[in-house]
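Undergrad: Here you go, target_7.txt (compact mmCIF, C-alpha atoms):
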```txt
# COMPACT_ATOMS: atom_id res chain seq x y z
CA MET A 1 18.79 -105.13 -38.60
CA ALA A 2 18.93 -101.79 -36.82
CA ILE A 3 21.93 -102.90 -34.76
CA GLN A 4 23.66 -104.23 -37.87
CA GLN A 5 23.07 -100.96 -39.74
CA GLU A 6 24.38 -99.01 -36.75
CA ASN A 7 27.55 -101.11 -36.75
CA ILE A 8 28.03 -100.49 -40.48
CA ASP A 9 27.62 -96.74 -39.95
CA LYS A 10 30.17 -96.84 -37.13
CA ASP A 11 32.66 -98.72 -39.32
CA GLN A 12 32.21 -96.24 -42.16
CA HIS A 13 32.60 -93.30 -39.79
CA GLY A 14 35.73 -94.87 -38.32
CA ALA A 15 37.20 -95.42 -41.78
CA LEU A 16 36.49 -91.82 -42.76
CA THR A 17 38.03 -90.60 -39.51
CA ARG A 18 41.19 -92.65 -40.06
CA MET A 19 41.45 -91.38 -43.64
CA TRP A 20 41.05 -87.79 -42.47
CA VAL A 21 43.72 -88.24 -39.81
CA TRP A 22 46.04 -89.70 -42.45
CA LEU A 23 45.41 -86.77 -44.80
CA ASP A 24 45.99 -84.31 -41.95
CA SER A 25 49.26 -85.98 -41.04
CA ALA A 26 50.30 -85.84 -44.72
CA HIS A 27 50.60 -82.08 -44.31
CA ASP A 28 53.26 -82.50 -41.62
CA LEU A 29 55.05 -85.05 -43.81
CA ILE A 30 55.06 -82.85 -46.93
CA PHE A 31 55.88 -79.58 -45.18
CA SER A 32 58.29 -80.91 -42.58
CA ASP A 33 61.33 -78.79 -41.75
CA ARG A 34 63.57 -81.38 -43.38
CA ASN A 35 61.62 -81.33 -46.65
CA LYS A 36 61.39 -77.53 -46.74
CA SER A 37 65.12 -77.21 -46.09
CA GLY A 38 65.92 -79.79 -48.77
CA LEU A 39 63.62 -78.06 -51.24
CA LYS A 40 65.25 -74.72 -50.51
CA HIS A 41 68.73 -76.10 -51.22
CA LEU A 42 67.42 -77.83 -54.36
CA ALA A 43 65.92 -74.56 -55.62
CA ILE A 44 69.24 -72.80 -55.04
CA GLN A 45 71.20 -75.51 -56.88
CA LEU A 46 68.76 -75.56 -59.81
CA SER A 47 68.86 -71.76 -59.99
CA ILE A 48 72.65 -71.77 -60.25
CA ALA A 49 72.67 -74.61 -62.77
CA GLY A 50 69.94 -73.03 -64.89
CA PHE A 51 71.74 -69.68 -64.85
CA ILE A 52 75.02 -71.25 -66.01
CA VAL A 53 73.35 -73.35 -68.71
CA HIS A 54 71.42 -70.37 -70.05
CA LEU A 55 74.59 -68.27 -70.18
CA LEU A 56 76.36 -71.08 -72.04
CA LEU A 57 73.53 -71.36 -74.58
CA ILE A 58 73.58 -67.60 -75.16
CA PHE A 59 77.35 -67.77 -75.66
CA LEU A 60 76.91 -70.48 -78.30
CA ALA A 61 74.09 -68.53 -79.96
CA ARG A 62 76.35 -65.49 -80.25
CA THR A 63 79.47 -67.31 -81.42
CA LEU A 64 78.20 -70.03 -83.78
CA PRO A 65 77.66 -68.77 -87.33
CA HIS A 66 74.44 -70.75 -87.80
CA PRO A 67 73.29 -71.99 -84.37
CA PRO A 68 70.59 -74.67 -84.20
CA GLN A 69 67.08 -73.50 -83.41
CA ILE A 70 67.19 -74.85 -79.86
CA ILE A 71 70.31 -72.79 -79.13
CA ALA A 72 68.98 -69.70 -80.89
CA GLU A 73 65.91 -69.85 -78.63
CA ALA A 74 68.16 -68.90 -75.69
CA GLY A 75 68.53 -65.40 -77.16
CA GLY A 76 71.53 -63.26 -77.88
CA ASN A 77 71.61 -61.05 -74.80
CA TYR A 78 73.38 -62.31 -71.68
CA LEU A 79 70.97 -60.36 -69.45
CA ALA A 80 68.16 -62.67 -70.58
CA ALA A 81 69.73 -65.43 -68.46
CA ILE A 82 68.96 -63.53 -65.26
CA SER A 83 65.28 -64.45 -65.53
CA THR A 84 66.02 -68.20 -65.50
CA PRO A 85 66.94 -68.50 -61.77
CA PHE A 86 63.78 -66.59 -60.88
CA ASN A 87 61.64 -69.43 -62.26
CA PHE A 88 63.06 -71.84 -59.68
CA ILE A 89 62.86 -69.23 -56.92
CA LEU A 90 59.22 -68.57 -57.78
CA PHE A 91 58.43 -72.27 -57.62
CA TYR A 92 59.87 -72.42 -54.12
CA GLU A 93 57.86 -69.32 -53.15
CA VAL A 94 54.65 -70.95 -54.39
CA LEU A 95 55.29 -73.97 -52.16
CA THR A 96 55.92 -71.56 -49.27
CA LEU A 97 52.56 -69.96 -50.06
CA ILE A 98 50.81 -73.34 -49.88
CA ALA A 99 52.56 -74.14 -46.59
CA ALA A 100 51.25 -70.87 -45.11
CA LEU A 101 47.65 -71.63 -46.08
CA PRO A 102 46.61 -73.21 -42.74
CA ALA A 103 48.15 -70.35 -40.72
CA SER A 104 45.83 -67.47 -41.58
CA THR A 105 43.98 -66.00 -44.53
CA THR A 106 45.90 -62.72 -44.38
CA ARG A 107 49.27 -64.46 -44.34
CA SER A 108 48.23 -66.52 -47.36
CA MET A 109 47.18 -63.33 -49.16
CA ALA A 110 50.50 -61.69 -48.32
CA SER A 111 52.34 -64.67 -49.82
CA GLN A 112 50.30 -64.43 -53.02
CA PHE A 113 51.09 -60.71 -53.26
CA GLU A 114 54.77 -61.52 -52.81
CA ILE A 115 54.68 -64.04 -55.64
CA VAL A 116 53.06 -61.67 -58.13
CA SER A 117 55.62 -58.97 -57.28
CA LEU A 118 58.44 -61.45 -57.96
CA ILE A 119 56.83 -62.37 -61.28
CA PHE A 120 56.87 -58.74 -62.41
CA ILE A 121 60.48 -58.26 -61.27
CA ARG A 122 61.44 -61.39 -63.20
CA ASP A 123 59.76 -59.91 -66.28
CA VAL A 124 62.00 -56.84 -65.96
CA PHE A 125 65.02 -58.95 -66.86
CA ARG A 126 63.17 -60.38 -69.84
CA GLU A 127 62.29 -56.91 -71.07
CA ILE A 128 65.88 -55.71 -70.57
CA SER A 129 67.09 -58.33 -73.02
CA LYS A 130 64.59 -57.03 -75.60
CA ALA A 131 65.52 -53.36 -75.21
CA ASN A 132 68.53 -53.60 -77.52
CA ASP A 133 68.72 -49.90 -78.40
CA LEU A 134 68.83 -48.93 -74.74
CA LEU A 135 71.72 -51.30 -74.09
CA THR A 136 73.75 -50.90 -77.28
CA VAL A 137 73.32 -47.28 -78.42
CA HIS A 138 71.93 -45.94 -75.12
CA LYS A 139 68.80 -44.72 -76.86
CA LEU A 140 65.42 -44.74 -75.15
CA THR A 141 62.78 -46.22 -77.46
CA THR A 142 59.23 -47.49 -77.11
CA GLU A 143 60.44 -51.09 -76.77
CA SER A 144 62.04 -50.19 -73.42
CA LEU A 145 58.79 -48.85 -71.92
CA PRO A 146 57.53 -52.29 -70.74
CA MET A 147 60.78 -52.70 -68.80
CA PHE A 148 60.33 -49.41 -66.93
CA LEU A 149 56.65 -50.15 -66.28
CA ASP A 150 57.38 -53.59 -64.81
CA MET A 151 60.32 -52.19 -62.82
CA TRP A 152 58.31 -49.48 -61.07
CA ALA A 153 55.26 -51.71 -60.77
CA GLY A 154 57.36 -54.36 -59.03
CA PHE A 155 58.80 -51.73 -56.70
CA LEU A 156 55.33 -50.42 -55.84
CA MET A 157 54.11 -53.98 -55.23
CA PHE A 158 57.09 -54.48 -52.90
CA LEU A 159 55.90 -51.46 -50.93
CA LEU A 160 52.27 -52.61 -50.95
CA VAL A 161 53.23 -56.02 -49.59
CA ALA A 162 54.87 -54.29 -46.62
CA VAL A 163 51.77 -52.12 -46.10
CA PHE A 164 49.51 -55.17 -46.23
CA LYS A 165 51.64 -57.02 -43.68
CA HIS A 166 51.68 -53.96 -41.42
CA VAL A 167 47.88 -53.69 -41.48
CA ALA A 168 47.54 -57.44 -40.87
CA GLU A 169 49.99 -57.42 -37.95
CA LYS A 170 48.20 -54.45 -36.42
CA ARG A 171 45.02 -56.49 -36.44
CA GLU A 172 46.76 -59.50 -34.85
CA THR A 173 48.36 -57.48 -32.05
CA THR A 174 45.08 -55.83 -31.10
CA SER A 175 43.04 -59.03 -31.15
CA VAL A 176 42.60 -61.12 -28.03
CA LYS A 177 44.33 -64.48 -28.10
CA ALA A 178 41.70 -67.09 -27.28
CA ILE A 179 41.78 -70.87 -27.00
CA PRO A 180 40.71 -72.30 -30.37
CA SER A 181 37.22 -73.77 -30.36
CA PRO A 182 36.55 -77.26 -31.76
CA GLU A 183 35.14 -75.63 -34.89
CA THR A 184 38.32 -73.58 -35.32
CA ARG A 185 40.54 -76.63 -34.87
CA ARG A 186 38.44 -78.48 -37.43
CA PHE A 187 38.75 -75.55 -39.84
CA ILE A 188 42.54 -75.52 -39.44
CA SER A 189 42.63 -79.27 -40.04
CA GLN A 190 40.60 -78.80 -43.22
CA LYS A 191 43.03 -76.17 -44.47
CA ARG A 192 45.94 -78.49 -43.72
CA VAL A 193 44.35 -81.19 -45.88
CA ILE A 194 43.74 -78.63 -48.65
CA ALA A 195 47.37 -77.49 -48.44
CA ALA A 196 48.62 -81.07 -48.76
CA GLY A 197 46.38 -81.63 -51.79
CA LEU A 198 47.56 -78.36 -53.34
CA ALA A 199 51.19 -79.38 -52.93
CA VAL A 200 50.56 -82.63 -54.80
CA LEU A 201 48.62 -80.75 -57.50
CA LEU A 202 51.42 -78.18 -57.84
CA LEU A 203 54.03 -80.89 -58.32
CA ALA A 204 51.80 -82.56 -60.93
CA MET A 205 51.36 -79.23 -62.76
CA ALA A 206 55.12 -78.65 -62.67
CA ALA A 207 55.77 -82.15 -64.03
CA TYR A 208 53.22 -81.53 -66.80
CA ASN A 209 54.87 -78.25 -67.82
CA ILE A 210 58.31 -79.83 -67.73
CA GLY A 211 56.95 -82.57 -69.98
CA ILE A 212 55.65 -79.97 -72.45
CA PHE A 213 59.05 -78.27 -72.38
CA LEU A 214 60.90 -81.52 -73.05
CA VAL A 215 58.52 -82.41 -75.88
CA GLY A 216 59.18 -78.97 -77.42
CA VAL A 217 62.93 -79.52 -77.06
CA GLY A 218 62.69 -82.94 -78.69
CA ARG A 219 60.62 -81.56 -81.57
CA MET A 220 63.15 -78.80 -82.16
CA LEU A 221 66.04 -81.28 -82.12
CA MET A 222 64.36 -83.52 -84.67
CA THR A 223 62.77 -80.98 -86.99
CA GLY A 224 64.63 -77.74 -86.21
CA GLN A 225 61.28 -75.97 -85.90
CA GLY A 226 58.88 -75.02 -83.14
CA GLY A 227 59.13 -72.94 -79.99
CA LEU A 228 59.28 -73.16 -76.20
CA GLU A 229 56.44 -70.80 -75.29
CA GLY A 230 54.19 -73.52 -73.84
CA THR A 231 55.57 -73.33 -70.29
CA THR A 232 54.83 -69.64 -69.70
CA THR A 233 51.31 -70.31 -68.42
CA PHE A 234 52.40 -72.23 -65.31
CA TYR A 235 51.98 -69.37 -62.85
CA ASN A 236 48.73 -68.31 -64.53
CA ASP A 237 47.43 -71.80 -63.78
CA VAL A 238 48.73 -71.57 -60.20
CA PHE A 239 46.71 -68.43 -59.52
CA THR A 240 43.67 -69.98 -61.20
CA VAL A 241 43.91 -72.88 -58.75
CA MET A 242 44.35 -70.43 -55.87
CA ILE A 243 41.12 -68.67 -56.84
CA PHE A 244 39.10 -71.86 -56.39
CA THR A 245 41.08 -72.70 -53.24
CA ASP A 246 40.26 -69.34 -51.68
CA VAL A 247 36.58 -69.81 -52.53
CA LEU A 248 36.65 -73.23 -50.86
CA VAL A 249 38.34 -71.78 -47.76
CA LEU A 250 35.73 -69.00 -47.74
CA ILE A 251 32.91 -71.55 -47.68
CA LEU A 252 34.57 -73.60 -44.94
CA SER A 253 35.19 -70.47 -42.84
CA LEU A 254 31.45 -69.92 -42.52
CA VAL A 255 31.39 -72.78 -40.02
CA ILE A 256 33.47 -70.85 -37.48
CA SER A 257 32.26 -67.35 -38.31
CA GLY A 258 29.36 -66.12 -40.40
CA ARG A 259 29.88 -62.49 -39.45
CA TYR A 260 29.26 -60.01 -42.23
CA GLU A 261 32.67 -58.35 -42.06
CA MET A 262 34.51 -61.69 -42.12
CA VAL A 263 32.56 -62.98 -45.11
CA PHE A 264 33.02 -59.71 -47.01
CA ARG A 265 36.76 -59.65 -46.28
CA ASN A 266 37.33 -63.17 -47.52
CA ALA A 267 35.17 -62.60 -50.59
CA ALA A 268 37.07 -59.38 -51.38
CA PHE A 269 40.35 -61.27 -51.08
CA VAL A 270 39.07 -63.69 -53.73
CA VAL A 271 38.32 -60.70 -55.97
CA SER A 272 41.91 -59.50 -55.49
CA ILE A 273 43.30 -62.87 -56.57
CA ILE A 274 41.02 -62.93 -59.62
CA LEU A 275 42.33 -59.50 -60.66
CA ILE A 276 45.90 -60.68 -60.14
CA ARG A 277 45.17 -63.71 -62.34
CA PHE A 278 43.90 -61.38 -65.07
CA SER A 279 46.97 -59.15 -64.71
CA LEU A 280 49.28 -62.05 -65.57
CA THR A 281 47.61 -62.56 -68.95
CA GLU A 282 46.85 -58.95 -69.90
CA GLY A 283 50.44 -57.94 -70.58
CA TYR A 284 51.66 -54.45 -71.41
CA PRO A 285 50.36 -51.88 -70.57
CA PHE A 286 47.38 -53.06 -68.50
CA GLY A 287 48.83 -56.03 -66.61
CA ALA A 288 50.95 -54.17 -64.06
CA PRO A 289 48.34 -51.48 -63.20
CA LEU A 290 45.70 -54.19 -62.78
CA ALA A 291 47.89 -56.09 -60.30
CA ILE A 292 48.52 -52.88 -58.33
CA VAL A 293 44.78 -52.15 -58.22
CA ALA A 294 44.20 -55.70 -56.93
CA MET A 295 46.72 -55.23 -54.11
CA LEU A 296 45.34 -51.81 -53.18
CA PHE A 297 41.85 -53.31 -53.05
CA GLY A 298 43.09 -56.03 -50.69
CA ILE A 299 44.81 -53.49 -48.41
CA LEU A 300 41.79 -51.19 -48.24
CA THR A 301 39.52 -54.17 -47.57
CA LEU A 302 41.70 -55.27 -44.65
CA MET A 303 41.78 -51.72 -43.23
CA VAL A 304 37.98 -51.43 -43.37
CA PHE A 305 37.69 -54.89 -41.85
CA ASN A 306 39.85 -53.81 -38.91
CA TYR A 307 37.63 -50.75 -38.49
CA HIS A 308 34.55 -52.99 -38.45
CA VAL A 309 36.13 -55.15 -35.74
CA ARG A 310 36.90 -52.11 -33.56
CA VAL A 311 33.39 -50.71 -34.01
CA ASN A 312 31.78 -54.03 -33.11
CA GLY A 313 34.12 -54.40 -30.15
CA SER A 314 33.21 -50.97 -28.78
CA HIS A 315 29.51 -51.69 -29.19
CA SER A 316 29.78 -55.04 -27.42
CA GLY A 317 31.59 -53.36 -24.53
```
Have the structure of the file written as structure tokens, please.
TA:
Amino acid sequence: MAIQQENIDKDQHGALTRMWVWLDSAHDLIFSDRNKSGLKHLAIQLSIAGFIVHLLLIFLARTLPHPPQIIAEAGGNYLAAISTPFNFILFYEVLTLIAALPASTTRSMASQFEIVSLIFIRDVFREISKANDLLTVHKLTTESLPMFLDMWAGFLMFLLVAVFKHVAEKRETTSVKAIPSPETRRFISQKRVIAAGLAVLLLAMAAYNIGIFLVGVGRMLMTGQGGLEGTTTFYNDVFTVMIFTDVLVLILSLVISGRYEMVFRNAAFVVSIILIRFSLTEGYPFGAPLAIVAMLFGILTLMVFNYHVRVNGSHSG
């Protein structure tokens, strides 16, 4: 009986090992150079097509005396079409973020900061289309303030992303390159599996939002009523998923390092992502400042972490 039970345990362990190897190899299949290149070209083509279609719908909305509701939803300002290509570009950037997850925690954080900065720049074009007085009679009114806030917030985020990368690269150049331990290799493999699962989840979320959009379009065609606001929460959901992903990576990282400064850094990064998630739903005027505070918190955390590493290194020497 004992030998039989041992054989069963070996078979189960072998099956789990084969499944894990298959999941690990799925990362290379999903994020292969061929797939990433094809996705990049697809995002470019969809951006161009979406831009042209949106411009055409706006043209019809402006020229038809009584445009249908689905055409009127496109708006009456041609500048509103500029935000449409950014949706496809952002989707590609999110997949790039997921692909960078196994590389390093700081690189993943930098990618998330890049995405939120692009979201705010995209919102600038939306706000421009709403600031009619500024565009038609060249008069500055309160409705144009969100545009200026998002514009300068996006610019400041652009600067903060560069600062974060500079601090992260400074840490990498001063650290000693060592051969990865078995625990480190296992941790990287776990992150690769998580990245593959996230890619599948992201595609499912995108398909779900596209389905909601198509249902809204169909309802408007049949009844002439309704709206298309249901798809605006996609990137809010993405950052919600990233919060739980970062927590999972934080727990798994304890296997290779339980040092105080490492745990605090990773936990503080999770706090930054939570604040960014809140900033996407707060709106004007608190959303942009909250995102900037989140990025500043991440930069300061990384700087203090680097200081901890230098202090511990000098003490060990």
Undergrad: Which one of A:Ile276, A:Val270, A:Ala110, A:Leu56 sits closest to Val167 of chain A if you count only C-alpha atoms?
TA: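 Of A:Ile276, A:Val270, A:Ala110, A:Leu56, the one nearest Val167 of chain A, counting only C-alpha atoms, is A:Ala110.
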Undergrad: Suppose you want the space between atom CA of Val247 of chain A and atom CA of Met262 of chain A; what is it in Å?
TA: 13.4 Å
Undergrad: From the set A:Val241, A:Asp33, A:Val293, A:Gly287, which residue has the shortest atom-to-atom contact distance to Phe120 of chain A, counting all atoms listed in the file?
TA: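 Closest to Phe120 of chain A of all the choices is A:Gly287.
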Undergrad: What is the atom CA of Gly154 of chain A to atom CA of Met242 of chain A distance in Å?
TA: 20.9 Å
Undergrad: A:Ile71, A:Leu280, A:Val249, A:Ala268: which is nearest Arg192 of chain A, counting all atoms listed in the file?
TA: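 Smallest separation from Arg192 of chain A among the options: A:Val249.
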Undergrad: Rank A:Phe234, A:Tyr284, A:Tyr78, A:Phe125 by their smallest atom-to-atom distance to Met205 of chain A, using all atoms listed in the file, and report the top residue only.
TA: A:Phe234
Undergrad: Counting all atoms listed in the file, write as a PyMOL selection string all protein and nucleic acid residues lying at most 12 Å from (36.4, -73.8, -43.5) in the file's frame.
TA: chain A and resi 101-102+104-105+183-194+245-258+263+266
Undergrad: Let me make sure I understand: among A:Gly75, A:Pro285, A:Gly298, A:Pro85, which one has the smallest atom-to-atom distance to Leu46 of chain A if we use all atoms listed in the file?
TA: A:Pro85
Undergrad: Around the point (55.4, -53.5, -56.3) in the file's coordinates, collect all residues with an atom within 12 Å, using only C-alpha atoms, and return them as number ranges by chain.
TA: A: 113-121, 149-164, 288-296
Undergrad: Can we get segment 22-106 of chain A of that structure written down with C-alpha atoms, as a PDB file, in the first residue's frame?
TA:
```pdb
ATOM      1  CA  TRP A  22       3.102  23.944 -20.310  1.00  0.00           C
ATOM      2  CA  LEU A  23       1.829  27.101 -18.604  1.00  0.00           C
ATOM      3  CA  ASP A  24       5.361  28.514 -18.502  1.00  0.00           C
ATOM      4  CA  SER A  25       5.855  27.821 -22.195  1.00  0.00           C
ATOM      5  CA  ALA A  26       2.500  29.513 -22.905  1.00  0.00           C
ATOM      6  CA  HIS A  27       4.159  32.800 -21.963  1.00  0.00           C
ATOM      7  CA  ASP A  28       6.703  32.412 -24.772  1.00  0.00           C
ATOM      8  CA  LEU A  29       3.898  31.490 -27.166  1.00  0.00           C
ATOM      9  CA  ILE A  30       1.694  34.471 -26.265  1.00  0.00           C
ATOM     10  CA  PHE A  31       4.479  37.048 -26.054  1.00  0.00           C
ATOM     11  CA  SER A  32       6.621  35.804 -28.924  1.00  0.00           C
ATOM     12  CA  ASP A  33       8.289  38.412 -31.130  1.00  0.00           C
ATOM     13  CA  ARG A  34       6.018  37.409 -34.001  1.00  0.00           C
ATOM     14  CA  ASN A  35       2.844  37.894 -31.954  1.00  0.00           C
ATOM     15  CA  LYS A  36       4.014  41.204 -30.474  1.00  0.00           C
ATOM     16  CA  SER A  37       4.950  42.505 -33.922  1.00  0.00           C
ATOM     17  CA  GLY A  38       1.613  41.389 -35.363  1.00  0.00           C
ATOM     18  CA  LEU A  39      -0.273  42.975 -32.481  1.00  0.00           C
ATOM     19  CA  LYS A  40       1.623  46.225 -32.952  1.00  0.00           C
ATOM     20  CA  HIS A  41       0.696  46.394 -36.639  1.00  0.00           C
ATOM     21  CA  LEU A  42      -2.910  45.478 -35.796  1.00  0.00           C
ATOM     22  CA  ALA A  43      -3.092  48.282 -33.222  1.00  0.00           C
ATOM     23  CA  ILE A  44      -1.772  50.747 -35.807  1.00  0.00           C
ATOM     24  CA  GLN A  45      -4.283  49.617 -38.438  1.00  0.00           C
ATOM     25  CA  LEU A  46      -7.198  49.740 -35.980  1.00  0.00           C
ATOM     26  CA  SER A  47      -6.099  53.191 -34.807  1.00  0.00           C
ATOM     27  CA  ILE A  48      -6.123  54.527 -38.361  1.00  0.00           C
ATOM     28  CA  ALA A  49      -9.444  52.860 -39.175  1.00  0.00           C
ATOM     29  CA  GLY A  50     -11.068  54.060 -35.951  1.00  0.00           C
ATOM     30  CA  PHE A  51      -9.812  57.594 -36.538  1.00  0.00           C
ATOM     31  CA  ILE A  52     -11.239  57.693 -40.079  1.00  0.00           C
ATOM     32  CA  VAL A  53     -14.580  56.179 -39.048  1.00  0.00           C
ATOM     33  CA  HIS A  54     -14.951  58.612 -36.156  1.00  0.00           C
ATOM     34  CA  LEU A  55     -14.198  61.562 -38.444  1.00  0.00           C
ATOM     35  CA  LEU A  56     -16.776  60.292 -40.927  1.00  0.00           C
ATOM     36  CA  LEU A  57     -19.429  59.950 -38.203  1.00  0.00           C
ATOM     37  CA  ILE A  58     -18.718  63.480 -36.974  1.00  0.00           C
ATOM     38  CA  PHE A  59     -19.022  64.747 -40.548  1.00  0.00           C
ATOM     39  CA  LEU A  60     -22.434  63.082 -40.873  1.00  0.00           C
ATOM     40  CA  ALA A  61     -23.510  64.420 -37.471  1.00  0.00           C
ATOM     41  CA  ARG A  62     -22.638  67.957 -38.573  1.00  0.00           C
ATOM     42  CA  THR A  63     -24.168  67.778 -42.046  1.00  0.00           C
ATOM     43  CA  LEU A  64     -27.366  65.739 -41.615  1.00  0.00           C
ATOM     44  CA  PRO A  65     -30.324  67.851 -40.479  1.00  0.00           C
ATOM     45  CA  HIS A  66     -31.610  65.194 -38.080  1.00  0.00           C
ATOM     46  CA  PRO A  67     -28.862  62.578 -37.606  1.00  0.00           C
ATOM     47  CA  PRO A  68     -29.756  59.252 -35.961  1.00  0.00           C
ATOM     48  CA  GLN A  69     -28.823  58.858 -32.315  1.00  0.00           C
ATOM     49  CA  ILE A  70     -25.926  56.523 -33.077  1.00  0.00           C
ATOM     50  CA  ILE A  71     -24.371  59.135 -35.381  1.00  0.00           C
ATOM     51  CA  ALA A  72     -25.080  62.006 -32.996  1.00  0.00           C
ATOM     52  CA  GLU A  73     -23.175  60.108 -30.293  1.00  0.00           C
ATOM     53  CA  ALA A  74     -19.963  60.712 -32.267  1.00  0.00           C
ATOM     54  CA  GLY A  75     -20.160  64.412 -31.362  1.00  0.00           C
ATOM     55  CA  GLY A  76     -19.953  67.535 -33.441  1.00  0.00           C
ATOM     56  CA  ASN A  77     -16.308  68.488 -32.968  1.00  0.00           C
ATOM     57  CA  TYR A  78     -13.690  66.918 -35.230  1.00  0.00           C
ATOM     58  CA  LEU A  79     -11.082  67.102 -32.455  1.00  0.00           C
ATOM     59  CA  ALA A  80     -13.077  64.507 -30.507  1.00  0.00           C
ATOM     60  CA  ALA A  81     -11.909  61.879 -33.023  1.00  0.00           C
ATOM     61  CA  ILE A  82      -8.310  62.241 -31.861  1.00  0.00           C
ATOM     62  CA  SER A  83      -9.088  60.297 -28.679  1.00  0.00           C
ATOM     63  CA  THR A  84     -10.261  57.225 -30.628  1.00  0.00           C
ATOM     64  CA  PRO A  85      -6.798  56.016 -31.810  1.00  0.00           C
ATOM     65  CA  PHE A  86      -5.511  56.360 -28.259  1.00  0.00           C
ATOM     66  CA  ASN A  87      -7.878  53.609 -27.102  1.00  0.00           C
ATOM     67  CA  PHE A  88      -6.168  51.089 -29.388  1.00  0.00           C
ATOM     68  CA  ILE A  89      -2.717  52.404 -28.502  1.00  0.00           C
ATOM     69  CA  LEU A  90      -3.519  52.072 -24.796  1.00  0.00           C
ATOM     70  CA  PHE A  91      -4.647  48.487 -25.295  1.00  0.00           C
ATOM     71  CA  TYR A  92      -1.313  47.669 -26.908  1.00  0.00           C
ATOM     72  CA  GLU A  93       0.513  49.412 -24.050  1.00  0.00           C
ATOM     73  CA  VAL A  94      -1.387  47.321 -21.494  1.00  0.00           C
ATOM     74  CA  LEU A  95      -0.258  44.129 -23.226  1.00  0.00           C
ATOM     75  CA  THR A  96       3.299  45.502 -23.187  1.00  0.00           C
ATOM     76  CA  LEU A  97       2.898  46.062 -19.452  1.00  0.00           C
ATOM     77  CA  ILE A  98       1.844  42.439 -18.938  1.00  0.00           C
ATOM     78  CA  ALA A  99       4.767  41.211 -21.039  1.00  0.00           C
ATOM     79  CA  ALA A 100       7.180  43.171 -18.812  1.00  0.00           C
ATOM     80  CA  LEU A 101       5.798  41.632 -15.618  1.00  0.00           C
ATOM     81  CA  PRO A 102       8.362  38.779 -15.359  1.00  0.00           C
ATOM     82  CA  ALA A 103      11.300  41.145 -15.982  1.00  0.00           C
ATOM     83  CA  SER A 104      11.311  43.199 -12.788  1.00  0.00           C
ATOM     84  CA  THR A 105       8.923  44.870 -10.383  1.00  0.00           C
ATOM     85  CA  THR A 106      10.268  48.350 -11.116  1.00  0.00           C
TER      86      THR A 106
END
```
